[in-house]
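*Asks:* I'm passing along upload-v3.cif; it holds mmCIF, N, CA, C and O atoms.
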```cif
data_query
#
loop_
_atom_site.label_atom_id
_atom_site.label_comp_id
_atom_site.auth_asym_id
_atom_site.auth_seq_id
_atom_site.Cartn_x
_atom_site.Cartn_y
_atom_site.Cartn_z
N MET A 499 122.41 126.63 89.91
CA MET A 499 121.10 126.24 89.41
C MET A 499 120.05 126.41 90.50
O MET A 499 119.17 125.58 90.65
N THR A 500 120.18 127.41 91.31
CA THR A 500 119.22 127.65 92.38
C THR A 500 118.26 128.75 91.96
O THR A 500 118.37 129.89 92.40
N GLN A 501 117.34 128.38 91.10
CA GLN A 501 116.35 129.35 90.64
C GLN A 501 115.15 129.29 91.57
O GLN A 501 114.78 128.24 92.08
N THR A 502 114.53 130.43 91.74
CA THR A 502 113.35 130.48 92.59
C THR A 502 112.13 130.04 91.80
O THR A 502 112.16 129.92 90.58
N VAL A 503 111.05 129.81 92.53
CA VAL A 503 109.81 129.38 91.90
C VAL A 503 109.29 130.46 90.95
O VAL A 503 108.80 130.16 89.85
N ALA A 504 109.44 131.73 91.34
CA ALA A 504 108.97 132.81 90.47
C ALA A 504 109.74 132.85 89.16
O ALA A 504 109.16 133.07 88.09
N GLU A 505 111.06 132.63 89.22
CA GLU A 505 111.86 132.61 87.99
C GLU A 505 111.47 131.44 87.11
O GLU A 505 111.35 131.58 85.88
N LEU A 506 111.27 130.28 87.72
CA LEU A 506 110.87 129.11 86.96
C LEU A 506 109.48 129.30 86.34
O LEU A 506 109.22 128.87 85.22
N GLN A 507 108.59 129.95 87.06
CA GLN A 507 107.24 130.24 86.55
C GLN A 507 107.34 131.14 85.32
O GLN A 507 106.67 130.90 84.31
N ARG A 508 108.20 132.16 85.39
CA ARG A 508 108.37 133.07 84.25
C ARG A 508 108.96 132.33 83.05
O ARG A 508 108.49 132.49 81.92
N LEU A 509 109.96 131.48 83.29
CA LEU A 509 110.55 130.71 82.20
C LEU A 509 109.55 129.73 81.59
O LEU A 509 109.54 129.50 80.38
N MET A 510 108.69 129.16 82.43
CA MET A 510 107.67 128.23 81.94
C MET A 510 106.68 128.96 81.03
O MET A 510 106.30 128.44 79.97
N GLU A 511 106.28 130.16 81.42
CA GLU A 511 105.35 130.93 80.59
C GLU A 511 105.99 131.33 79.27
O GLU A 511 105.34 131.31 78.22
N ILE A 512 107.27 131.68 79.29
CA ILE A 512 107.98 132.03 78.05
C ILE A 512 108.05 130.81 77.14
O ILE A 512 107.83 130.91 75.92
N ALA A 513 108.35 129.65 77.71
CA ALA A 513 108.43 128.44 76.91
C ALA A 513 107.07 128.06 76.33
O ALA A 513 106.98 127.62 75.18
N ALA A 514 106.01 128.26 77.09
CA ALA A 514 104.67 127.95 76.59
C ALA A 514 104.27 128.90 75.46
O ALA A 514 103.65 128.48 74.48
N GLU A 515 104.62 130.17 75.59
CA GLU A 515 104.31 131.13 74.53
C GLU A 515 105.08 130.81 73.25
O GLU A 515 104.60 131.03 72.15
N ALA A 516 106.29 130.26 73.41
CA ALA A 516 107.12 129.89 72.26
C ALA A 516 106.75 128.51 71.72
O ALA A 516 107.45 127.99 70.85
N MET A 517 105.68 127.90 72.24
CA MET A 517 105.20 126.58 71.83
C MET A 517 106.20 125.46 72.13
O MET A 517 106.20 124.42 71.50
N ASP A 518 107.08 125.68 73.10
CA ASP A 518 108.02 124.67 73.53
C ASP A 518 107.42 123.99 74.77
O ASP A 518 107.81 124.25 75.91
N PHE A 519 106.47 123.10 74.52
CA PHE A 519 105.70 122.52 75.61
C PHE A 519 106.49 121.50 76.42
O PHE A 519 106.21 121.29 77.59
N GLU A 520 107.47 120.85 75.82
CA GLU A 520 108.30 119.92 76.56
C GLU A 520 109.11 120.65 77.64
O GLU A 520 109.21 120.20 78.78
N ARG A 521 109.69 121.79 77.26
CA ARG A 521 110.44 122.59 78.23
C ARG A 521 109.51 123.13 79.31
O ARG A 521 109.86 123.13 80.50
N ALA A 522 108.33 123.58 78.91
CA ALA A 522 107.36 124.09 79.88
C ALA A 522 106.94 122.99 80.85
O ALA A 522 106.78 123.23 82.04
N ARG A 523 106.80 121.75 80.35
CA ARG A 523 106.41 120.64 81.21
C ARG A 523 107.49 120.34 82.24
O ARG A 523 107.21 120.14 83.41
N THR A 524 108.76 120.33 81.81
CA THR A 524 109.84 120.05 82.75
C THR A 524 109.96 121.15 83.80
O THR A 524 110.21 120.88 84.98
N LEU A 525 109.74 122.40 83.38
CA LEU A 525 109.78 123.50 84.34
C LEU A 525 108.62 123.40 85.33
O LEU A 525 108.78 123.65 86.53
N ARG A 526 107.44 123.01 84.83
CA ARG A 526 106.28 122.85 85.70
C ARG A 526 106.54 121.77 86.74
O ARG A 526 106.23 121.92 87.92
N ASP A 527 107.15 120.66 86.30
CA ASP A 527 107.45 119.58 87.23
C ASP A 527 108.49 119.99 88.27
O ASP A 527 108.39 119.62 89.43
N ARG A 528 109.47 120.78 87.86
CA ARG A 528 110.46 121.28 88.83
C ARG A 528 109.81 122.20 89.84
O ARG A 528 110.12 122.15 91.03
N ILE A 529 108.89 123.05 89.38
CA ILE A 529 108.16 123.94 90.31
C ILE A 529 107.39 123.11 91.33
O ILE A 529 107.40 123.40 92.53
N ASN A 530 106.71 122.06 90.85
CA ASN A 530 105.93 121.21 91.75
C ASN A 530 106.83 120.51 92.76
O ASN A 530 106.46 120.35 93.93
N LEU A 531 108.00 120.07 92.32
CA LEU A 531 108.93 119.44 93.25
C LEU A 531 109.43 120.42 94.30
O LEU A 531 109.55 120.08 95.48
N LEU A 532 109.73 121.66 93.88
CA LEU A 532 110.18 122.67 94.83
C LEU A 532 109.08 123.00 95.84
O LEU A 532 109.35 123.16 97.03
N ARG A 533 107.84 123.11 95.36
CA ARG A 533 106.74 123.39 96.27
C ARG A 533 106.47 122.23 97.21
O ARG A 533 105.95 122.41 98.30
N GLY A 534 106.83 121.03 96.77
CA GLY A 534 106.63 119.84 97.59
C GLY A 534 107.70 119.63 98.65
O GLY A 534 107.61 118.72 99.45
N GLY A 535 108.75 120.46 98.63
CA GLY A 535 109.76 120.37 99.66
C GLY A 535 111.11 119.88 99.19
O GLY A 535 112.02 119.70 100.01
N ALA A 536 111.29 119.66 97.91
CA ALA A 536 112.59 119.22 97.40
C ALA A 536 113.56 120.39 97.37
O ALA A 536 113.16 121.55 97.23
N THR A 537 114.83 120.08 97.51
CA THR A 537 115.84 121.12 97.39
C THR A 537 116.00 121.48 95.92
O THR A 537 115.65 120.69 95.04
N PRO A 538 116.52 122.67 95.61
CA PRO A 538 116.71 123.04 94.21
C PRO A 538 117.61 122.06 93.45
O PRO A 538 117.38 121.80 92.27
N GLU A 539 118.60 121.51 94.13
CA GLU A 539 119.48 120.54 93.47
C GLU A 539 118.74 119.25 93.14
O GLU A 539 118.89 118.68 92.06
N GLU A 540 117.91 118.80 94.09
CA GLU A 540 117.12 117.60 93.84
C GLU A 540 116.11 117.82 92.72
O GLU A 540 115.89 116.94 91.89
N ALA A 541 115.50 119.01 92.70
CA ALA A 541 114.51 119.30 91.66
C ALA A 541 115.17 119.38 90.29
O ALA A 541 114.57 118.99 89.28
N ALA A 542 116.40 119.88 90.22
CA ALA A 542 117.09 119.99 88.93
C ALA A 542 117.53 118.61 88.44
O ALA A 542 117.55 118.37 87.23
N GLN A 543 117.86 117.70 89.35
CA GLN A 543 118.34 116.38 88.96
C GLN A 543 117.23 115.35 88.77
O GLN A 543 117.47 114.31 88.18
N ALA A 544 116.03 115.63 89.23
CA ALA A 544 114.95 114.64 89.20
C ALA A 544 114.52 114.36 87.77
O ALA A 544 114.41 115.26 86.94
N ASP A 545 114.28 113.09 87.49
CA ASP A 545 113.77 112.67 86.19
C ASP A 545 112.25 112.57 86.31
O ASP A 545 111.72 111.65 86.92
N THR A 546 111.55 113.51 85.72
CA THR A 546 110.09 113.56 85.85
C THR A 546 109.39 113.04 84.61
O THR A 546 108.20 113.27 84.43
N THR A 547 110.08 112.31 83.75
CA THR A 547 109.45 111.83 82.52
C THR A 547 108.42 110.76 82.79
O THR A 547 107.50 110.57 82.00
N GLY A 548 108.53 110.05 83.89
CA GLY A 548 107.59 108.97 84.17
C GLY A 548 106.43 109.36 85.06
O GLY A 548 105.59 108.53 85.39
N LEU A 549 106.37 110.62 85.47
CA LEU A 549 105.28 111.04 86.35
C LEU A 549 103.98 111.11 85.57
O LEU A 549 103.94 111.57 84.43
N GLN A 550 102.90 110.69 86.21
CA GLN A 550 101.58 110.77 85.59
C GLN A 550 100.65 111.49 86.54
O GLN A 550 100.67 111.25 87.74
N ARG A 551 99.86 112.36 85.98
CA ARG A 551 98.88 113.07 86.79
C ARG A 551 97.65 112.19 86.96
O ARG A 551 97.35 111.35 86.13
N GLN A 552 96.92 112.43 88.05
CA GLN A 552 95.70 111.69 88.29
C GLN A 552 94.66 112.10 87.27
O GLN A 552 94.47 113.28 87.01
N GLY A 553 94.01 111.13 86.68
CA GLY A 553 93.02 111.40 85.63
C GLY A 553 91.76 112.02 86.18
O GLY A 553 91.45 111.89 87.38
N PRO A 554 90.98 112.68 85.33
CA PRO A 554 89.73 113.28 85.80
C PRO A 554 88.74 112.19 86.21
O PRO A 554 88.67 111.13 85.59
N GLY A 555 88.01 112.47 87.25
CA GLY A 555 87.02 111.52 87.74
C GLY A 555 87.61 110.42 88.59
O GLY A 555 86.91 109.53 89.03
N ALA A 556 88.91 110.44 88.84
CA ALA A 556 89.55 109.39 89.62
C ALA A 556 89.65 109.76 91.09
O ALA A 556 90.33 109.08 91.83
N MET A 557 89.01 110.85 91.49
CA MET A 557 89.08 111.25 92.89
C MET A 557 87.85 110.72 93.62
O MET A 557 86.80 110.54 93.04
N GLY A 558 88.00 110.44 94.86
CA GLY A 558 86.89 109.95 95.64
C GLY A 558 87.37 108.87 96.59
O GLY A 558 88.54 108.52 96.64
N LEU A 559 86.44 108.32 97.32
CA LEU A 559 86.80 107.32 98.32
C LEU A 559 87.15 106.00 97.67
O LEU A 559 86.41 105.49 96.85
N GLY A 560 88.29 105.49 98.01
CA GLY A 560 88.69 104.17 97.56
C GLY A 560 89.23 104.09 96.15
O GLY A 560 89.52 103.00 95.67
N THR A 561 89.36 105.19 95.44
CA THR A 561 89.82 105.09 94.06
C THR A 561 91.32 104.95 93.95
O THR A 561 91.81 104.55 92.91
N SER A 562 92.05 105.25 95.00
CA SER A 562 93.50 105.12 94.92
C SER A 562 93.97 103.73 95.37
O SER A 562 95.15 103.47 95.40
N GLN A 563 93.04 102.86 95.70
CA GLN A 563 93.41 101.52 96.13
C GLN A 563 93.79 100.68 94.92
O GLN A 563 93.18 100.78 93.86
N GLN A 564 94.77 99.83 95.11
CA GLN A 564 95.19 98.96 94.03
C GLN A 564 94.17 97.85 93.82
O GLN A 564 93.53 97.39 94.76
N ARG A 565 94.05 97.43 92.58
CA ARG A 565 93.18 96.32 92.27
C ARG A 565 94.02 95.05 92.19
O ARG A 565 95.10 95.05 91.63
N ALA A 566 93.49 93.98 92.74
CA ALA A 566 94.22 92.71 92.71
C ALA A 566 94.19 92.16 91.29
O ALA A 566 93.14 92.07 90.67
N VAL A 567 95.35 91.79 90.79
CA VAL A 567 95.46 91.21 89.46
C VAL A 567 95.97 89.79 89.64
O VAL A 567 97.04 89.57 90.20
N PRO A 568 95.20 88.78 89.17
CA PRO A 568 95.66 87.40 89.35
C PRO A 568 96.89 87.13 88.49
O PRO A 568 97.08 87.74 87.45
N PRO A 569 97.73 86.20 88.93
CA PRO A 569 98.91 85.87 88.13
C PRO A 569 98.52 85.23 86.81
O PRO A 569 97.42 84.71 86.66
N ALA A 570 99.44 85.25 85.87
CA ALA A 570 99.17 84.68 84.55
C ALA A 570 98.89 83.19 84.67
O ALA A 570 99.57 82.47 85.38
N GLY A 571 97.86 82.74 84.00
CA GLY A 571 97.51 81.33 83.99
C GLY A 571 96.64 80.90 85.15
O GLY A 571 96.27 79.73 85.25
N TRP A 572 96.26 81.80 86.05
CA TRP A 572 95.45 81.43 87.20
C TRP A 572 94.01 81.24 86.78
O TRP A 572 93.45 82.01 86.00
N LYS A 573 93.39 80.17 87.27
CA LYS A 573 91.97 79.91 87.01
C LYS A 573 91.26 79.85 88.35
O LYS A 573 91.79 79.30 89.32
N PRO A 574 90.06 80.39 88.44
CA PRO A 574 89.34 80.29 89.71
C PRO A 574 88.98 78.84 89.99
O PRO A 574 88.78 78.06 89.06
N PRO A 575 88.88 78.47 91.26
CA PRO A 575 88.53 77.08 91.58
C PRO A 575 87.10 76.77 91.13
O PRO A 575 86.26 77.67 91.04
N PRO A 576 86.82 75.50 90.85
CA PRO A 576 85.45 75.17 90.41
C PRO A 576 84.46 75.36 91.54
O PRO A 576 84.79 75.17 92.72
N LYS A 577 83.26 75.71 91.18
CA LYS A 577 82.21 75.88 92.17
C LYS A 577 81.76 74.50 92.65
O LYS A 577 81.76 73.54 91.87
N PRO A 578 81.34 74.39 93.90
CA PRO A 578 80.89 73.08 94.39
C PRO A 578 79.58 72.67 93.73
O PRO A 578 78.76 73.51 93.36
N ASP A 579 79.40 71.37 93.59
CA ASP A 579 78.19 70.83 92.99
C ASP A 579 77.08 70.85 94.04
O ASP A 579 77.22 70.23 95.11
N PRO A 580 75.96 71.52 93.80
CA PRO A 580 74.90 71.59 94.82
C PRO A 580 74.23 70.25 95.07
O PRO A 580 73.59 70.04 96.08
N MET A 581 74.38 69.30 94.17
CA MET A 581 73.73 68.00 94.34
C MET A 581 74.51 67.09 95.29
O MET A 581 74.01 66.05 95.68
N THR A 582 75.72 67.45 95.66
CA THR A 582 76.51 66.59 96.54
C THR A 582 76.50 67.07 97.98
O THR A 582 77.21 66.53 98.81
N ARG A 583 75.69 68.02 98.30
CA ARG A 583 75.65 68.55 99.66
C ARG A 583 75.08 67.51 100.61
O ARG A 583 74.07 66.88 100.33
N GLY A 584 75.74 67.35 101.73
CA GLY A 584 75.26 66.43 102.76
C GLY A 584 75.71 65.01 102.55
O GLY A 584 75.25 64.12 103.26
N THR A 585 76.59 64.76 101.63
CA THR A 585 77.04 63.38 101.41
C THR A 585 78.49 63.20 101.83
O THR A 585 79.09 62.19 101.50
N GLY A 586 79.03 64.14 102.56
CA GLY A 586 80.42 64.04 102.99
C GLY A 586 80.59 63.11 104.16
O GLY A 586 79.63 62.52 104.69
N ARG A 587 81.82 62.92 104.62
CA ARG A 587 82.12 62.01 105.72
C ARG A 587 81.55 62.51 107.04
O ARG A 587 81.21 61.72 107.91
N ARG A 588 81.46 63.78 107.20
CA ARG A 588 80.96 64.30 108.48
C ARG A 588 79.50 63.92 108.70
O ARG A 588 79.07 63.74 109.82
N GLN A 589 78.73 63.81 107.66
CA GLN A 589 77.34 63.40 107.81
C GLN A 589 77.23 61.95 108.28
O GLN A 589 76.35 61.58 109.01
N ALA A 590 78.19 61.10 107.87
CA ALA A 590 78.15 59.69 108.24
C ALA A 590 78.53 59.47 109.69
O ALA A 590 78.18 58.44 110.27
N ARG A 591 79.20 60.37 110.32
CA ARG A 591 79.65 60.19 111.71
C ARG A 591 78.54 60.45 112.72
O ARG A 591 78.67 60.12 113.88
N LYS A 592 77.46 61.06 112.31
CA LYS A 592 76.39 61.36 113.26
C LYS A 592 75.78 60.06 113.79
O LYS A 592 75.62 59.09 113.07
N ALA A 593 75.46 60.11 115.07
CA ALA A 593 74.85 58.94 115.70
C ALA A 593 73.42 58.77 115.20
O ALA A 593 72.70 59.75 115.03
N PRO A 594 72.96 57.55 114.99
CA PRO A 594 71.58 57.35 114.57
C PRO A 594 70.61 57.71 115.70
O PRO A 594 70.90 57.55 116.86
N ARG A 595 69.45 58.13 115.34
CA ARG A 595 68.45 58.52 116.36
C ARG A 595 67.56 57.43 116.73
O ARG A 595 67.14 56.54 116.26
#
```
Please lay out the structure from this file as structure tokens.

*Replies:*
Amino acid sequence: MTQTVAELQRLMEIAAEAMDFERARTLRDRINLLRGGATPEEAAQADTTGLQRQGPGAMGLGTSQQRAVPPAGWKPPPKPDPMTRGTGRRQARKAPR
């Protein structure tokens, strides 16, 4: 099963012309794995059904960073009451003038 990239490219085009897009997709993924440095055996055994391509418009600075997702049931803490400012214990410790 050591096919070259050119052979796989030809088979992919034949499959696409025959409207067998699933076969063409698997061949395309094997070609990409081979070009990425995988051995032919690894490319033949790899399960590429879960691979997703990057969507259009998703390129740019910072777009590949993960977004923080809060755990289920998490609520943000309440905001402080602006009317209670300056009434804490630290204010009482100041020496009188």

*Asks:* Just give me the gap between atom N of Ile512 in chain A and CA of Leu525 in chain A in Å, one decimal is fine.

*Replies:*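 These atoms are spaced 9.9 Å apart.
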
*Asks:* Can you work out the spacing between atom N of Thr547 in chain A and CA of Arg508 in chain A in Å, to one decimal?

*Replies:*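 Separation of atom N of Thr547 in chain A and CA of Arg508 in chain A: 20.8 Å.
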
*Asks:* Provide the atom N of Ala504 in chain A to atom C of Glu539 in chain A distance in Å, to one decimal place.

*Replies:*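 For atom N of Ala504 in chain A relative to atom C of Glu539 in chain A, the distance reads 15.7 Å.
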
*Asks:* Could the centre and edge lengths of an axis-aligned box, enclosing all atoms of range 513-517 of chain A in the file with 6 Å extra on each side, be given in Å to one decimal as lines of an AutoDock Vina configuration file?

*Replies:*
```
center_x = 106.0
center_y = 127.8
center_z = 74.3
size_x = 16.8
size_y = 18.7
size_z = 18.9
```

*Asks:* Pick the closest to Ala522 in chain A from A:Thr502, A:Thr537, A:Gln543, A:Gln507: which is it, counting all atoms listed in the file?

*Replies:*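 Looking only at the distances to Ala522 in chain A, the closest residue turns out to be A:Gln507.
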